[in-house]
Amino acid sequence: MRLQNKIAVITGGAAGIGLATTELFLKEGATVIIWDIDPSGEATAVRLRNDGYTVRFQAVSVADKLQVNNAAAEVIKEFGRIDILINNAGITKDKTLLKMEQDDWDKVLSVNLTGVFNCTQVVAQQMKQQNYGRIVSASSNVGLRGNYGQTNYVATKSAIIGMTKVWALELGRFGITANCIAPGFIETQMTNAIPEEVKQKLTPMIPAGHWGKPIDIAYGYLYLASDEAAYVNGICLTIDGGSAR
Ligand SMILES: NC(=O)c1ccc[n+]([C@@H]2O[C@H](COP(=O)([O-])OP(=O)(O)OC[C@H]3O[C@@H](n4cnc5c(N)ncnc54)[C@H](O)[C@@H]3O)[C@@H](O)[C@H]2O)c1
């Protein structure tokens with residue numbers, strides 16, 4: 001039980017990597033609050049409460065600062081604190097630079113970049129008062145090496161690595177750590193959108209020989225959110241089967 005009595009907010013916790021993280025954190029003793037725009041998060045929360053866990057779903061778009069503020073206030077009212085923030089929500093709208101529309105750029109930045117800023121700024125205020133916090137954000141290995149057709153997405157994922165280093169510097173003295181994870185190819189609804197023939201071409205580039213599962217990333221979030229990682233601050237942990245070269 002590595003997260004006993006911890007209150008964890010997981011954005012994008014209704015699906016994919018976020019859902020695997022929700023389930024793992026609950027097993028490790030945390031109370032989990034899912035912030036997601038996918039209404040299926042409510043049924044997931046009901047199912048997990050039936051299993052005896054303490055879990056809430058709040059319909060929140062991370063891109064909307066007011067919704068984030070209100071949701072955080074509700075969590076603090078009910079549970080008194082927020083120990084862990086997992087900035088996991090993210091979207092793609094892939095096109096090459098010359099074909100990318102302004103709306104593709106704006107939407108991806110509003111969720112992946114402004115959303116991470118919104119949640120961190122709001123939750124870090126509470127963490128400062130507690131003199132304790134763990135912030136872990138989803139970057140990507142494409143944020144380290146670039147990727148064809150992903151100007152908007154890569155811009156956000158590189159920025160998350162930079163913001164994480166800033167937050168480590170600014171928040172460290174308040175007992176808060178800020179780290180991020182750079183996943184490689186993970187099987188989720190996000191990567192389901194990639195055509196099968198492209199997926200088959202990508203697989204040989206992975207030294208591990210196969211795509212990752214959501215739980216592979218959830219274990220990384222768990223480590224960086226745990227007290228065992230108390231002295232880990234400002235890093236980007238790559239979890240990609242060795243493919244980020
Ligand atoms: N799957 C991969 O291969 C991969 C690789 C590198 C990084 N990542 C990153 O990991 C994170 C999780 O990815 P995933 O593959 O599980 O994606 P996913 O599409 O399976 O799940 C993303 C979740 O975020 C939610 N979401 C979307 N917009 C939101 C908003 N405005 N507010 C709140 N929630 C919102 C979705 O409803 C969904 O539940 C993302 O940040 C993604 O960029 C994924």
# chains A, B, ... in the order shown; residues from 1 in each chain; ligands from 1

$ residues_near_ligand --ligand "ligand 1" --cutoff "6 Å" --atoms "only C-alpha atoms and all ligand atoms" --output "JSON, numbers by chain"
{"A": [11, 12, 13, 14, 15, 16, 17, 18, 35, 36, 37, 38, 60, 61, 62, 63, 88, 89, 90, 91, 111, 138, 139, 140, 183, 184, 185, 186, 187, 188, 189, 190, 191]}

$ select_by_dssp --residues "segment 82-212 of chain A" --states "strand (DSSP E or B)" --output "PyMOL selection string"
chain A and resi 84-87+95+133-138+150+176-183+186+212

$ write_last_selection --atoms "C-alpha atoms" --output "PDB file, in the first residue's frame"
ATOM      1  CA  ILE A  84      -1.103  13.944  -5.826  1.00  0.00           C
ATOM      2  CA  LEU A  85      -1.901  15.502  -9.198  1.00  0.00           C
ATOM      3  CA  ILE A  86      -1.486  13.331 -12.292  1.00  0.00           C
ATOM      4  CA  ASN A  87      -1.684  15.606 -15.349  1.00  0.00           C
ATOM      5  CA  LYS A  95      -1.480  16.862 -39.533  1.00  0.00           C
ATOM      6  CA  GLY A 133       2.630  17.404  -3.027  1.00  0.00           C
ATOM      7  CA  ARG A 134       3.457  15.165  -5.944  1.00  0.00           C
ATOM      8  CA  ILE A 135       2.854  16.454  -9.485  1.00  0.00           C
ATOM      9  CA  VAL A 136       3.400  14.042 -12.366  1.00  0.00           C
ATOM     10  CA  SER A 137       2.575  15.007 -15.953  1.00  0.00           C
ATOM     11  CA  ALA A 138       2.319  13.097 -19.220  1.00  0.00           C
ATOM     12  CA  GLN A 150       2.620  16.298 -34.773  1.00  0.00           C
ATOM     13  CA  ILE A 176       6.335  19.459  -3.639  1.00  0.00           C
ATOM     14  CA  THR A 177       8.003  17.414  -6.384  1.00  0.00           C
ATOM     15  CA  ALA A 178       7.244  17.833 -10.091  1.00  0.00           C
ATOM     16  CA  ASN A 179       8.207  15.174 -12.600  1.00  0.00           C
ATOM     17  CA  CYS A 180       6.961  13.885 -15.924  1.00  0.00           C
ATOM     18  CA  ILE A 181       6.825  10.681 -17.906  1.00  0.00           C
ATOM     19  CA  ALA A 182       7.637  10.209 -21.578  1.00  0.00           C
ATOM     20  CA  PRO A 183       5.705   7.156 -22.781  1.00  0.00           C
ATOM     21  CA  ILE A 186       1.074   2.486 -25.716  1.00  0.00           C
ATOM     22  CA  GLY A 212       3.384  -0.939 -24.182  1.00  0.00           C
TER      23      GLY A 212
END

$ closest_residue --among "A:Val68, A:Thr114, A:Tyr231, A:Val32" --to "Met163 of chain A" --atoms "only C-alpha atoms"
A:Thr114

$ closest_residue --among "A:Cys236, A:Trp167, A:Ile7, A:Gln125" --to "Gly220 of chain A" --atoms "only C-alpha atoms"
A:Cys236

$ residues_around --residues "Gln102 of chain A" --least-positions-apart "5" --cutoff "12 Å" --atoms "only C-alpha atoms" --output "VMD selection string"
chain A and resid 93 95 97 107 to 109 151 to 152

$ write_last_selection --atoms "C-alpha atoms" --output "CSV table (one decimal), in the first residue's frame"
chain,number,residue,atom,x,y,z
A,93,LYS,CA,-5.0,16.2,-33.9
A,95,LYS,CA,-1.5,16.9,-39.5
A,97,LEU,CA,2.8,21.5,-40.6
A,107,LYS,CA,-7.4,22.6,-29.4
A,108,VAL,CA,-4.3,20.5,-28.7
A,109,LEU,CA,-2.6,23.4,-26.9
A,151,THR,CA,3.8,20.0,-34.6
A,152,ASN,CA,1.0,20.8,-32.2

$ residues_around --residues "Pro204 of chain A" --least-positions-apart "6" --cutoff "10 Å" --atoms "only C-alpha atoms" --output "JSON, numbers by chain"
{"A": [210, 211, 243]}

$ write_last_selection --atoms "N, CA and C atoms" --output "PDB file, in the first residue's frame"
ATOM      1  N   HIS A 210       7.469  -4.966 -28.812  1.00  0.00           N
ATOM      2  CA  HIS A 210       6.001  -4.859 -28.749  1.00  0.00           C
ATOM      3  C   HIS A 210       5.605  -3.511 -28.172  1.00  0.00           C
ATOM      4  N   TRP A 211       4.339  -3.153 -28.379  1.00  0.00           N
ATOM      5  CA  TRP A 211       3.799  -1.911 -27.810  1.00  0.00           C
ATOM      6  C   TRP A 211       3.606  -2.057 -26.303  1.00  0.00           C
ATOM      7  N   SER A 243      12.674   2.730 -27.264  1.00  0.00           N
ATOM      8  CA  SER A 243      12.587   3.217 -28.647  1.00  0.00           C
ATOM      9  C   SER A 243      12.979   4.670 -28.857  1.00  0.00           C
TER      10      SER A 243
END

$ closest_residue --among "A:Gln129, A:Lys165, A:Tyr53, A:Ser226" --to "Leu3 of chain A" --atoms "only C-alpha atoms"
A:Ser226
